[in-house]
file model-v2.tsv (TSV, C-alpha atoms and all ligand atoms)
chain	number	residue	atom	x	y	z
A	1	MET	CA	-88.76	-162.56	-66.22
A	2	LYS	CA	-89.10	-165.05	-69.05
A	3	ILE	CA	-91.73	-167.17	-70.76
A	4	GLY	CA	-92.78	-170.02	-68.47
A	5	ASP	CA	-92.14	-168.07	-65.26
A	6	CYS	CA	-94.72	-167.95	-62.50
A	7	VAL	CA	-94.70	-164.72	-60.50
A	8	VAL	CA	-96.91	-162.84	-58.10
A	9	ALA	CA	-97.55	-159.22	-59.04
A	10	TRP	CA	-99.51	-156.18	-57.91
A	11	SER	CA	-100.16	-152.60	-58.88
A	12	LYS	CA	-97.84	-149.95	-57.45
A	13	ASP	CA	-100.75	-147.52	-57.40
A	14	GLU	CA	-102.41	-147.68	-53.99
A	15	GLU	CA	-105.80	-146.54	-55.30
A	16	LEU	CA	-105.78	-149.22	-58.02
A	17	ARG	CA	-104.81	-151.88	-55.50
A	18	LYS	CA	-107.97	-151.00	-53.58
A	19	MET	CA	-110.27	-150.68	-56.61
A	20	GLY	CA	-109.08	-153.69	-58.57
A	21	ALA	CA	-109.31	-157.35	-57.65
A	22	SER	CA	-106.19	-159.14	-56.35
A	23	GLY	CA	-103.96	-156.08	-56.13
A	24	GLY	CA	-105.16	-154.33	-59.30
A	25	LEU	CA	-102.67	-156.08	-61.58
A	26	VAL	CA	-104.95	-156.59	-64.60
A	27	THR	CA	-105.99	-152.94	-64.73
A	28	SER	CA	-102.34	-151.88	-64.41
A	29	LEU	CA	-101.45	-154.13	-67.35
A	30	LEU	CA	-104.20	-152.55	-69.46
A	31	VAL	CA	-103.00	-149.07	-68.48
A	32	GLY	CA	-99.40	-150.06	-69.20
A	33	ALA	CA	-100.33	-151.43	-72.63
A	34	LEU	CA	-101.96	-148.09	-73.52
A	35	GLU	CA	-99.28	-145.86	-72.01
A	36	THR	CA	-96.43	-147.70	-73.71
A	37	GLU	CA	-98.40	-147.78	-76.99
A	38	LEU	CA	-98.30	-151.56	-77.21
A	39	VAL	CA	-101.97	-151.28	-78.13
A	40	ASP	CA	-104.37	-148.71	-79.54
A	41	GLU	CA	-107.32	-149.69	-77.38
A	42	VAL	CA	-108.29	-151.94	-74.51
A	43	ILE	CA	-111.57	-153.69	-73.80
A	44	ALA	CA	-112.87	-153.67	-70.24
A	45	LEU	CA	-116.12	-154.14	-68.39
A	46	ARG	CA	-117.45	-150.90	-66.92
A	47	LYS	CA	-119.24	-151.65	-63.67
A	48	ILE	CA	-122.80	-150.34	-63.44
A	49	SER	CA	-123.59	-152.38	-60.33
A	50	GLU	CA	-122.47	-155.72	-58.89
A	51	PHE	CA	-124.98	-157.27	-61.33
A	52	GLU	CA	-124.42	-155.27	-64.46
A	53	GLY	CA	-121.36	-154.44	-66.52
A	54	VAL	CA	-121.06	-152.78	-69.93
A	55	PRO	CA	-118.16	-153.73	-72.20
A	56	ILE	CA	-116.23	-150.68	-73.35
A	57	ARG	CA	-113.46	-150.19	-75.87
A	58	THR	CA	-111.22	-147.31	-74.98
A	59	SER	CA	-107.85	-145.69	-75.51
A	60	ASP	CA	-108.31	-143.56	-72.38
A	61	THR	CA	-106.31	-144.80	-69.37
A	62	ASP	CA	-108.70	-143.09	-66.90
A	63	GLU	CA	-111.59	-144.98	-68.44
A	64	ALA	CA	-109.63	-148.24	-68.11
A	65	ILE	CA	-108.94	-147.45	-64.45
A	66	ARG	CA	-112.63	-146.79	-63.79
A	67	SER	CA	-113.34	-150.34	-65.00
A	68	ALA	CA	-111.17	-151.95	-62.32
A	69	GLY	CA	-112.66	-154.79	-60.28
A	70	SER	CA	-114.22	-158.17	-61.00
A	71	LEU	CA	-117.87	-158.86	-61.82
A	72	HIS	CA	-118.90	-162.49	-61.37
A	73	ALA	CA	-122.58	-161.75	-62.00
A	74	ALA	CA	-122.14	-160.07	-65.39
A	75	PRO	CA	-121.39	-163.07	-67.63
A	76	ILE	CA	-120.53	-161.28	-70.86
A	77	ASN	CA	-118.32	-162.80	-73.54
A	78	LEU	CA	-115.95	-160.25	-75.08
A	79	THR	CA	-115.07	-162.12	-78.29
A	80	LYS	CA	-117.31	-160.15	-80.61
A	81	PHE	CA	-116.08	-156.82	-79.23
A	82	ALA	CA	-112.59	-157.87	-80.30
A	83	VAL	CA	-113.92	-158.92	-83.73
A	84	ARG	CA	-115.52	-155.49	-84.12
A	85	PHE	CA	-112.19	-153.81	-83.25
A	86	PHE	CA	-110.38	-155.65	-86.06
A	87	GLU	CA	-113.21	-154.89	-88.51
A	88	GLU	CA	-112.64	-151.21	-87.79
A	89	HIS	CA	-108.84	-151.31	-87.31
A	90	PRO	CA	-107.34	-154.24	-89.27
A	91	ASP	CA	-103.81	-153.01	-88.48
A	92	GLY	CA	-104.52	-151.99	-84.90
A	93	ALA	CA	-103.63	-153.74	-81.65
A	94	ILE	CA	-105.80	-154.35	-78.62
A	95	ALA	CA	-105.53	-155.82	-75.10
A	96	LEU	CA	-108.27	-157.26	-72.95
A	97	PRO	CA	-108.86	-159.45	-69.91
A	98	VAL	CA	-110.24	-162.84	-70.93
A	99	LYS	CA	-111.89	-165.71	-69.15
A	100	PRO	CA	-111.11	-169.08	-70.73
A	101	CYS	CA	-114.35	-168.92	-72.76
A	102	ASP	CA	-113.53	-165.41	-74.07
A	103	CYS	CA	-110.10	-166.66	-75.04
A	104	ARG	CA	-111.48	-169.74	-76.78
A	105	GLY	CA	-113.97	-167.64	-78.75
A	106	ILE	CA	-111.17	-165.29	-79.81
A	107	ILE	CA	-108.97	-168.17	-80.99
A	108	GLU	CA	-111.82	-169.69	-83.02
A	109	GLN	CA	-112.50	-166.29	-84.61
A	110	ALA	CA	-108.78	-165.93	-85.38
A	111	LYS	CA	-108.91	-169.22	-87.30
A	112	ARG	CA	-111.72	-167.67	-89.32
A	113	ARG	CA	-109.56	-164.60	-90.00
A	114	LYS	CA	-111.68	-162.23	-87.93
A	115	ILE	CA	-108.96	-161.55	-85.36
A	116	ASP	CA	-105.21	-161.09	-85.74
A	117	MET	CA	-103.55	-163.11	-82.98
A	118	ASP	CA	-100.29	-161.16	-83.38
A	119	ARG	CA	-102.11	-157.95	-82.47
A	120	ILE	CA	-104.29	-159.05	-79.59
A	121	TYR	CA	-102.95	-159.22	-76.03
A	122	LEU	CA	-104.90	-161.73	-73.98
A	123	ILE	CA	-104.70	-161.22	-70.22
A	124	GLY	CA	-106.17	-164.54	-69.13
A	125	LEU	CA	-108.18	-164.77	-65.92
A	126	ASN	CA	-108.70	-168.01	-64.03
A	127	CYS	CA	-112.40	-168.70	-63.88
A	128	GLY	CA	-114.37	-170.86	-61.49
A	129	GLY	CA	-117.64	-169.65	-62.99
A	130	THR	CA	-119.91	-166.68	-63.49
A	131	MET	CA	-123.50	-166.15	-62.38
A	132	ASP	CA	-126.75	-165.00	-63.91
A	133	PRO	CA	-127.54	-161.55	-62.46
A	134	ILE	CA	-131.30	-162.04	-61.96
A	135	THR	CA	-131.08	-165.40	-60.19
A	136	THR	CA	-128.16	-164.08	-58.14
A	137	MET	CA	-130.30	-161.21	-56.84
A	138	GLU	CA	-133.06	-163.69	-55.99
A	139	MET	CA	-130.53	-165.92	-54.23
A	140	LEU	CA	-129.27	-162.97	-52.18
A	141	GLU	CA	-132.75	-162.20	-50.92
A	142	LYS	CA	-133.76	-165.81	-50.25
A	143	MET	CA	-130.58	-167.52	-49.09
A	144	TYR	CA	-128.31	-164.74	-47.85
A	145	GLU	CA	-131.12	-162.50	-46.60
A	146	MET	CA	-129.22	-159.54	-48.02
A	147	ASP	CA	-130.49	-156.61	-50.08
A	148	PRO	CA	-128.94	-156.93	-53.59
A	149	LYS	CA	-128.88	-153.12	-53.90
A	150	LYS	CA	-126.54	-152.90	-50.91
A	151	ILE	CA	-123.91	-155.33	-52.24
A	152	VAL	CA	-120.55	-153.63	-52.74
A	153	GLU	CA	-118.33	-156.63	-53.39
A	154	GLU	CA	-118.56	-160.32	-54.21
A	155	GLU	CA	-115.95	-163.03	-54.33
A	156	ILE	CA	-115.55	-166.77	-54.93
A	157	LEU	CA	-112.99	-168.13	-52.50
A	158	LYS	CA	-112.19	-171.61	-51.17
A	159	GLY	CA	-115.43	-173.11	-52.49
A	160	LYS	CA	-117.54	-170.32	-51.02
A	161	LEU	CA	-119.60	-167.57	-52.56
A	162	ILE	CA	-119.04	-164.41	-50.52
A	163	PHE	CA	-121.09	-161.20	-50.62
A	164	LYS	CA	-120.29	-157.98	-48.78
A	165	THR	CA	-122.25	-154.84	-47.95
A	166	GLU	CA	-120.81	-151.82	-46.12
A	167	GLU	CA	-122.01	-153.41	-42.86
A	168	GLU	CA	-121.63	-157.17	-43.20
A	169	GLU	CA	-120.16	-160.14	-45.07
A	170	LYS	CA	-121.84	-163.52	-45.63
A	171	ALA	CA	-120.44	-166.69	-47.19
A	172	ILE	CA	-122.26	-169.86	-48.24
A	173	SER	CA	-120.65	-172.87	-49.90
A	174	ILE	CA	-121.08	-173.08	-53.67
A	175	ASP	CA	-122.38	-176.66	-53.28
A	176	GLU	CA	-125.16	-175.47	-51.01
A	177	VAL	CA	-126.32	-172.63	-53.26
A	178	GLU	CA	-126.15	-174.86	-56.34
A	179	GLU	CA	-128.11	-177.57	-54.58
A	180	ALA	CA	-130.82	-174.92	-54.14
A	181	GLY	CA	-130.73	-174.09	-57.88
A	182	TYR	CA	-128.65	-170.90	-57.61
A	183	GLY	CA	-124.95	-170.14	-57.95
A	184	ARG	CA	-122.93	-170.49	-61.12
A	185	ARG	CA	-124.51	-170.61	-64.56
A	186	GLU	CA	-125.16	-174.14	-65.71
A	187	SER	CA	-122.48	-174.00	-68.42
A	188	CYS	CA	-119.91	-172.89	-65.83
A	189	ARG	CA	-120.68	-175.84	-63.58
A	190	TYR	CA	-119.49	-178.30	-66.21
A	191	CYS	CA	-116.84	-176.05	-67.80
A	192	GLY	CA	-113.55	-177.92	-67.39
A	193	ILE	CA	-111.12	-175.25	-68.60
A	194	ASN	CA	-110.51	-172.92	-65.69
A	195	ILE	CA	-106.95	-171.66	-66.21
A	196	PRO	CA	-106.59	-169.96	-69.62
A	197	MET	CA	-103.33	-171.57	-70.72
A	198	MET	CA	-104.09	-170.48	-74.30
A	199	ALA	CA	-103.87	-166.77	-73.35
A	200	ASP	CA	-100.70	-164.64	-73.19
A	201	LEU	CA	-100.81	-164.52	-69.40
A	202	ALA	CA	-102.76	-166.68	-66.95
A	203	CYS	CA	-103.70	-164.53	-63.96
A	204	GLY	CA	-105.74	-165.24	-60.85
A	205	ASN	CA	-105.92	-165.37	-57.10
A	206	TRP	CA	-105.37	-169.13	-56.85
A	207	GLY	CA	-102.05	-169.51	-55.05
A	208	ALA	CA	-101.61	-165.76	-54.55
A	209	GLY	CA	-101.43	-163.90	-51.25
A	210	GLU	CA	-103.75	-161.07	-50.28
A	211	ASP	CA	-103.80	-158.13	-52.72
A	212	GLU	CA	-101.61	-159.82	-55.29
A	213	THR	CA	-102.16	-161.81	-58.48
A	214	PHE	CA	-100.55	-165.09	-59.44
A	215	VAL	CA	-99.31	-164.79	-63.03
A	216	GLU	CA	-97.98	-167.44	-65.39
A	217	ILE	CA	-96.21	-165.91	-68.39
A	218	LEU	CA	-97.21	-167.97	-71.40
A	219	THR	CA	-96.09	-166.16	-74.54
A	220	GLU	CA	-93.80	-163.51	-75.94
A	221	LYS	CA	-96.73	-161.08	-75.94
A	222	GLY	CA	-97.43	-161.86	-72.29
A	223	LEU	CA	-93.80	-161.19	-71.43
A	224	ARG	CA	-93.98	-157.88	-73.33
A	225	LEU	CA	-97.08	-156.85	-71.36
A	226	MET	CA	-95.44	-157.62	-68.02
A	227	LYS	CA	-92.11	-156.01	-68.89
A	228	SER	CA	-93.67	-152.81	-70.20
A	229	ALA	CA	-95.73	-152.45	-67.00
A	230	VAL	CA	-92.63	-153.06	-64.84
A	231	ASP	CA	-90.43	-150.70	-66.91
A	232	HIS	CA	-93.13	-148.04	-66.72
A	233	GLY	CA	-93.19	-148.29	-62.92
A	234	LEU	CA	-96.78	-149.56	-62.83
A	235	ILE	CA	-96.40	-152.97	-61.20
A	236	GLU	CA	-94.12	-154.90	-58.88
A	237	THR	CA	-93.39	-158.59	-59.15
A	238	ALA	CA	-91.81	-161.37	-57.10
A	239	PRO	CA	-91.22	-165.05	-57.90
A	240	ALA	CA	-94.30	-167.15	-57.07
A	241	PRO	CA	-93.66	-169.22	-53.93
A	242	GLU	CA	-93.59	-173.01	-54.33
A	243	LYS	CA	-96.55	-173.28	-51.96
A	244	GLY	CA	-98.58	-170.90	-54.16
A	245	ILE	CA	-97.79	-172.95	-57.27
A	246	LYS	CA	-99.04	-176.10	-55.52
A	247	ILE	CA	-102.22	-174.39	-54.24
A	248	ARG	CA	-103.01	-173.19	-57.77
A	249	GLU	CA	-102.51	-176.69	-59.19
A	250	LYS	CA	-104.66	-178.22	-56.49
A	251	THR	CA	-107.46	-175.65	-56.91
A	252	ASN	CA	-107.48	-176.29	-60.64
A	253	SER	CA	-107.67	-180.02	-60.17
A	254	VAL	CA	-110.56	-179.66	-57.68
A	255	MET	CA	-112.41	-177.44	-60.19
A	256	GLU	CA	-111.81	-179.97	-62.98
A	257	ASN	CA	-113.26	-182.77	-60.87
A	258	VAL	CA	-116.31	-180.70	-59.91
A	259	ALA	CA	-116.86	-179.94	-63.61
A	260	LYS	CA	-116.59	-183.63	-64.51
A	261	THR	CA	-119.18	-184.60	-61.90
A	262	TRP	CA	-121.58	-181.93	-63.17
A	263	TYR	CA	-120.98	-183.01	-66.77
A	264	GLU	CA	-121.94	-186.60	-65.99
A	265	LYS	CA	-125.03	-185.41	-64.15
A	266	VAL	CA	-126.24	-183.09	-66.94
A	267	PHE	CA	-125.27	-185.04	-70.05
A	268	VAL	CA	-126.99	-188.35	-69.39
A	269	PRO	CA	-126.98	-190.13	-72.78
A	270	ILE	CA	-130.35	-190.53	-74.51
A	271	GLU	CA	-129.99	-194.10	-75.74
A	272	ASP	CA	-133.32	-194.48	-77.55
A	273	ARG	CA	-133.19	-192.94	-81.04
A	274	SER	CA	-136.84	-191.88	-81.17
A	275	GLU	CA	-136.53	-190.36	-77.71
A	276	ARG	CA	-133.46	-188.47	-78.88
A	277	MET	CA	-135.41	-186.82	-81.72
A	278	LYS	CA	-138.31	-186.06	-79.42
A	279	TYR	CA	-135.92	-184.54	-76.88
A	280	TYR	CA	-134.69	-181.98	-79.43
A	281	MET	CA	-138.16	-181.27	-80.80
A	282	ASP	CA	-139.64	-180.73	-77.35
A	283	ALA	CA	-136.73	-178.58	-76.21
A	284	MET	CA	-136.96	-176.29	-79.24
A	285	GLU	CA	-140.73	-176.11	-79.42
A	286	ASP	CA	-141.00	-172.69	-77.79
A	287	CYS	CA	-138.46	-170.95	-80.05
A	288	ILE	CA	-139.80	-167.57	-81.21
A	289	ASP	CA	-137.20	-167.10	-83.99
A	290	CYS	CA	-135.64	-164.03	-82.40
A	291	GLU	CA	-132.10	-165.07	-83.53
A	292	ALA	CA	-130.57	-163.73	-80.32
A	293	CYS	CA	-128.70	-167.03	-79.83
A	294	LYS	CA	-126.94	-166.49	-83.15
A	295	TYR	CA	-125.91	-162.88	-82.51
A	296	VAL	CA	-124.49	-163.58	-79.08
A	297	CYS	CA	-122.54	-166.74	-80.01
A	298	PRO	CA	-118.80	-165.95	-79.79
A	299	VAL	CA	-117.83	-168.54	-82.41
A	300	CYS	CA	-120.44	-167.63	-85.05
A	301	SER	CA	-118.53	-166.02	-87.87
A	302	CYS	CA	-120.36	-166.21	-91.23
A	303	ASP	CA	-120.68	-162.87	-92.97
A	304	GLU	CA	-123.90	-164.08	-94.57
A	305	SER	CA	-125.48	-166.41	-92.06
A	306	LYS	CA	-126.65	-169.66	-93.60
A	307	CYS	CA	-128.82	-170.49	-90.59
A	308	ILE	CA	-130.84	-167.33	-91.19
A	309	GLY	CA	-130.63	-167.36	-94.99
A	310	PHE	CA	-131.93	-170.93	-95.43
A	311	TYR	CA	-134.68	-170.61	-92.85
A	312	ASP	CA	-138.31	-169.77	-93.54
A	313	PRO	CA	-140.66	-169.43	-90.55
A	314	MET	CA	-143.40	-171.05	-92.67
A	315	ASP	CA	-141.37	-174.30	-92.98
A	316	SER	CA	-143.03	-177.31	-91.42
A	317	HIS	CA	-139.90	-179.34	-90.61
A	318	LYS	CA	-139.83	-181.18	-87.32
A	319	ILE	CA	-136.90	-179.05	-86.20
A	320	SER	CA	-136.41	-175.63	-87.74
A	321	ILE	CA	-133.74	-175.37	-90.42
A	322	TYR	CA	-132.28	-172.46	-88.43
A	323	HIS	CA	-131.50	-174.75	-85.50
A	324	LEU	CA	-130.48	-177.71	-87.64
A	325	ILE	CA	-127.90	-175.61	-89.48
A	326	ARG	CA	-126.63	-174.13	-86.24
A	327	LEU	CA	-126.32	-177.52	-84.57
A	328	LEU	CA	-124.26	-178.80	-87.50
A	329	HIS	CA	-122.30	-175.64	-88.21
A	330	LEU	CA	-121.19	-175.21	-84.61
A	331	ALA	CA	-120.44	-178.90	-84.05
A	332	ASP	CA	-116.71	-178.36	-84.40
A	333	SER	CA	-116.53	-174.92	-82.80
A	334	CYS	CA	-119.04	-174.73	-79.92
A	335	ILE	CA	-117.05	-173.94	-76.79
A	336	GLY	CA	-119.96	-174.43	-74.38
A	337	CYS	CA	-119.79	-170.84	-73.15
A	338	GLY	CA	-123.47	-170.63	-72.20
A	339	GLN	CA	-124.15	-167.30	-73.92
A	340	CYS	CA	-126.97	-168.72	-76.09
A	341	THR	CA	-128.81	-170.12	-73.08
A	342	ASP	CA	-128.32	-166.85	-71.20
A	343	VAL	CA	-130.07	-164.75	-73.85
A	344	CYS	CA	-132.85	-167.08	-74.97
A	345	PRO	CA	-136.18	-165.45	-74.08
A	346	ALA	CA	-137.90	-168.85	-74.40
A	347	GLU	CA	-135.52	-170.37	-71.83
A	348	ILE	CA	-134.40	-173.11	-74.20
A	349	PRO	CA	-131.33	-174.93	-72.82
A	350	LEU	CA	-129.37	-174.24	-76.01
A	351	THR	CA	-125.90	-174.84	-74.60
A	352	ILE	CA	-126.84	-178.37	-73.58
A	353	LEU	CA	-128.45	-179.01	-76.98
A	354	HIS	CA	-125.37	-177.76	-78.82
A	355	LYS	CA	-122.93	-179.60	-76.60
A	356	ARG	CA	-124.81	-182.87	-76.95
A	357	VAL	CA	-124.05	-182.72	-80.68
A	358	ALA	CA	-120.70	-180.93	-80.57
A	359	ASP	CA	-119.01	-183.02	-77.87
A	360	ARG	CA	-119.49	-186.24	-79.84
A	361	ILE	CA	-118.10	-184.68	-83.03
A	362	GLN	CA	-115.21	-183.00	-81.24
A	363	ALA	CA	-114.32	-186.23	-79.41
A	364	LYS	CA	-114.52	-188.22	-82.66
A	365	TYR	CA	-112.10	-185.85	-84.41
A	366	ASP	CA	-109.96	-185.34	-81.31
A	367	TYR	CA	-110.49	-181.60	-81.57
A	368	ILE	CA	-111.02	-179.14	-78.71
A	369	PRO	CA	-112.02	-175.72	-80.05
A	370	GLY	CA	-110.30	-172.60	-78.82
A	371	ILE	CA	-107.34	-174.09	-77.03
A	372	ASP	CA	-104.82	-173.71	-79.85
A	373	MET	CA	-104.65	-172.75	-83.53
A	374	LYS	CA	-105.22	-176.34	-84.72
A	375	THR	CA	-107.40	-176.44	-87.86
A	376	PRO	CA	-111.01	-177.48	-87.16
A	377	PRO	CA	-112.15	-180.75	-88.79
A	378	PHE	CA	-114.68	-179.17	-91.18
A	379	PHE	CA	-112.73	-176.05	-91.89
A	380	GLU	CA	-114.12	-173.49	-94.24
A	381	VAL	CA	-113.15	-169.83	-94.48
A	382	GLU	CA	-115.12	-167.51	-96.69
B	401	LIG	S1	-117.99	-171.08	-69.32
B	401	LIG	FE1	-116.06	-171.57	-68.19
B	401	LIG	S2	-114.68	-169.91	-68.65
B	401	LIG	FE2	-116.72	-169.22	-69.24
B	401	LIG	S3	-117.49	-168.07	-67.51
B	401	LIG	FE3	-118.14	-170.20	-67.24
B	401	LIG	S4	-116.54	-171.23	-66.04
B	401	LIG	FE4	-115.73	-169.30	-66.78
B	402	LIG	S1	-123.60	-172.41	-79.43
B	402	LIG	FE1	-123.97	-171.45	-77.43
B	402	LIG	S2	-122.58	-172.52	-76.02
B	402	LIG	FE2	-121.86	-172.96	-78.10
B	402	LIG	S3	-120.33	-171.38	-78.49
B	402	LIG	FE3	-122.28	-170.59	-79.29
B	402	LIG	S4	-123.16	-169.38	-77.62
B	402	LIG	FE4	-121.51	-170.66	-76.75
B	403	LIG	S1	-132.66	-167.19	-78.61
B	403	LIG	FE1	-134.18	-168.79	-78.15
B	403	LIG	S2	-136.10	-168.02	-79.00
B	403	LIG	FE2	-134.45	-166.81	-79.92
B	403	LIG	S3	-133.97	-167.93	-81.87
B	403	LIG	FE3	-132.58	-168.71	-80.28
B	403	LIG	S4	-133.65	-170.53	-79.49
B	403	LIG	FE4	-135.18	-169.31	-80.58
call {"tool": "encode", "arguments": {"input": "model-v2.tsv", "output": "structure tokens"}}
result
Amino acid sequence: MKIGDCVVAWSKDEELRKMGASGGLVTSLLVGALETELVDEVIALRKISEFEGVPIRTSDTDEAIRSAGSLHAAPINLTKFAVRFFEEHPDGAIALPVKPCDCRGIIEQAKRRKIDMDRIYLIGLNCGGTMDPITTMEMLEKMYEMDPKKIVEEEILKGKLIFKTEEEEKAISIDEVEEAGYGRRESCRYCGINIPMMADLACGNWGAGEDETFVEILTEKGLRLMKSAVDHGLIETAPAPEKGIKIREKTNSVMENVAKTWYEKVFVPIEDRSERMKYYMDAMEDCIDCEACKYVCPVCSCDESKCIGFYDPMDSHKISIYHLIRLLHLADSCIGCGQCTDVCPAEIPLTILHKRVADRIQAKYDYIPGIDMKTPPFFEVE
């Protein structure tokens, strides 16, 4: 194996192959990283149900194994858990599975010296989108006529959203569920980065056979992860077949086109200047100043937050200083991950508001946050 290789791989442990998605490779890599002492801890999502996962940091391989499996309806971003690790262990090393938006958050935090890229192993996961748990349960009852409590597995495959209980399996096309207002989170519909080429490995089921994972080895660290798992007898690999490589490319290009169509639909320009101001004022009117959008944002990194420090709830500005500062401060770093919209109790479409500002700035400065270590246009490190 070498950097640039595409392989298919799977866990040698039969139990893990059953528990984990796509042959249990990712869990085996996490276990391998711990057993070979490449890292001190791993981050994983412990499954509570198909609709709830709790991020854990652990050095216990059994705990890592218990977190095997994918959770499309638990859209958590792991960036800040990695930041916390480096706050506690500046010289430590950690491995974690990352969707493209986790990976982009981590890279932006690394630029702000909150994460050491030499000591973080990023097992990238292809991502076609994640779903809000509450609306997914509603969708199951209304569209699938299935009891959410009975769901044991879910999967996104060939443009379909598939749910399984012990007794049955039902699949509906993503287009159909999204037409009805369900399906992937809004930010995922227009997210155009689906293969995490900025990670150490890019893993996924696109182009892979049953019970195996397609892996592209992207960096020296990625190669180290794969080799240590092979040498430790945890995984098996084979060269990726040409057909699989083509299927993966095609799937990615279909996803990119879908994202582009959604983007054009959602981000209709507001040409009139006075309408533009009104749009922001109306959208933010119901804000209750809870600050949840700040705490959950994976690219927020100030130690003393200016958006909170400069804000006074008694201000009478047309748009609160809190939001104005955030809109400006995140203009070069917003990755459109959707976390702020997910947590807002006032249901303010924050991701759209941020992206409307950020996309123009990022396009102007030819800067895409989180895809490489390029310096942001308004760079400032405290
Ligand atoms: S924002 Fe993109 S990377 Fe993140 S969960 Fe959605 S589709 Fe996946
Ligand atoms: S502002 Fe919202 S969409 Fe942008 S990076 Fe932060 S949480 Fe994600
Ligand atoms: S999460 Fe929503 S309500 Fe809370 S501060 Fe942010 S915009 Fe306001």
call {"tool": "residues_near_ligand", "arguments": {"input": "model-v2.tsv", "ligand": "ligand LIG 403 (chain B)", "cutoff": "6 Å", "atoms": "only C-alpha atoms and all ligand atoms", "output": "PyMOL selection string"}}
result
chain A and resi 287-293+343-346+348
call {"tool": "write_last_selection", "arguments": {"input": "model-v2.tsv", "atoms": "C-alpha atoms", "output": "PDB file, keeping the file's coordinate frame"}}
result
ATOM      1  CA  CYS A 287    -138.460-170.950 -80.050  1.00  0.00           C
ATOM      2  CA  ILE A 288    -139.800-167.570 -81.210  1.00  0.00           C
ATOM      3  CA  ASP A 289    -137.200-167.100 -83.990  1.00  0.00           C
ATOM      4  CA  CYS A 290    -135.640-164.030 -82.400  1.00  0.00           C
ATOM      5  CA  GLU A 291    -132.100-165.070 -83.530  1.00  0.00           C
ATOM      6  CA  ALA A 292    -130.570-163.730 -80.320  1.00  0.00           C
ATOM      7  CA  CYS A 293    -128.700-167.030 -79.830  1.00  0.00           C
ATOM      8  CA  VAL A 343    -130.070-164.750 -73.850  1.00  0.00           C
ATOM      9  CA  CYS A 344    -132.850-167.080 -74.970  1.00  0.00           C
ATOM     10  CA  PRO A 345    -136.180-165.450 -74.080  1.00  0.00           C
ATOM     11  CA  ALA A 346    -137.900-168.850 -74.400  1.00  0.00           C
ATOM     12  CA  ILE A 348    -134.400-173.110 -74.200  1.00  0.00           C
TER      13      ILE A 348
END
call {"tool": "residues_around", "arguments": {"input": "model-v2.tsv", "residues": "Glu37 in chain A", "least_positions_apart": "4", "cutoff": "10 Å", "atoms": "only C-alpha atoms", "output": "list in words"}}
result
Val31, Gly32, Ala33, Glu41, Ser59, Ala93 and Ser228 of chain A
call {"tool": "write_last_selection", "arguments": {"input": "model-v2.tsv", "atoms": "C-alpha atoms", "output": "PDB file, in the frame of the given file"}}
result
ATOM      1  CA  VAL A  31    -103.000-149.070 -68.480  1.00  0.00           C
ATOM      2  CA  GLY A  32     -99.400-150.060 -69.200  1.00  0.00           C
ATOM      3  CA  ALA A  33    -100.330-151.430 -72.630  1.00  0.00           C
ATOM      4  CA  GLU A  41    -107.320-149.690 -77.380  1.00  0.00           C
ATOM      5  CA  SER A  59    -107.850-145.690 -75.510  1.00  0.00           C
ATOM      6  CA  ALA A  93    -103.630-153.740 -81.650  1.00  0.00           C
ATOM      7  CA  SER A 228     -93.670-152.810 -70.200  1.00  0.00           C
TER       8      SER A 228
END
call {"tool": "residues_around", "arguments": {"input": "model-v2.tsv", "residues": "range 42-45 of chain A", "least_positions_apart": "2", "cutoff": "10 Å", "atoms": "all atoms listed in the file", "output": "MDAnalysis selection string"}}
result
chainID A and resid 27 30:31 33:34 39:40 47:48 52:61 63:71 74 76 78 81:82 85 93:98 120:121
call {"tool": "closest_residue", "arguments": {"input": "model-v2.tsv", "among": "A:Gly204, A:Gly105, A:Pro75, A:Gly92", "to": "Cys297 in chain A", "atoms": "all atoms listed in the file"}}
result
A:Gly105
call {"tool": "atom_distance", "arguments": {"input": "model-v2.tsv", "atom1": "atom S3 of ligand LIG 402 (chain B)", "atom2": "CA of Leu157 in chain A"}}
result
27.2 Å
call {"tool": "residues_near_ligand", "arguments": {"input": "model-v2.tsv", "ligand": "ligand LIG 401 (chain B)", "cutoff": "6 Å", "atoms": "only C-alpha atoms and all ligand atoms", "output": "list in words"}}
result
Lys99, Pro100, Cys101, Cys127, Gly128, Gly129, Thr130, Ser187, Cys188, Cys191, Asn194 and Cys337 of chain A
call {"tool": "closest_residue", "arguments": {"input": "model-v2.tsv", "among": "A:Cys302, A:Leu353, A:Ala171, A:Ala21", "to": "Tyr280 in chain A", "atoms": "only C-alpha atoms"}}
result
A:Leu353
call {"tool": "residues_around", "arguments": {"input": "model-v2.tsv", "residues": "Phe51 in chain A", "least_positions_apart": "5", "cutoff": "9 Å", "atoms": "only C-alpha atoms", "output": "list of chain:residue names"}}
result
A:Leu71, A:His72, A:Ala73, A:Ala74, A:Asp132, A:Pro133, A:Ile134, A:Thr136, A:Met137, A:Pro148
call {"tool": "atom_distance", "arguments": {"input": "model-v2.tsv", "atom1": "CA of Arg184 in chain A", "atom2": "CA of Asn252 in chain A"}}
result
16.5 Å
call {"tool": "residues_near_point", "arguments": {"input": "model-v2.tsv", "point": "(-97.2, -168.6, -57.3)", "cutoff": "9 Å", "atoms": "all atoms listed in the file", "output": "ChimeraX atom specification"}}
result
/A:6-8,206-209,213-216,239-248
call {"tool": "atom_distance", "arguments": {"input": "model-v2.tsv", "atom1": "CA of Met281 in chain A", "atom2": "CA of Arg356 in chain A"}}
result
14.0 Å
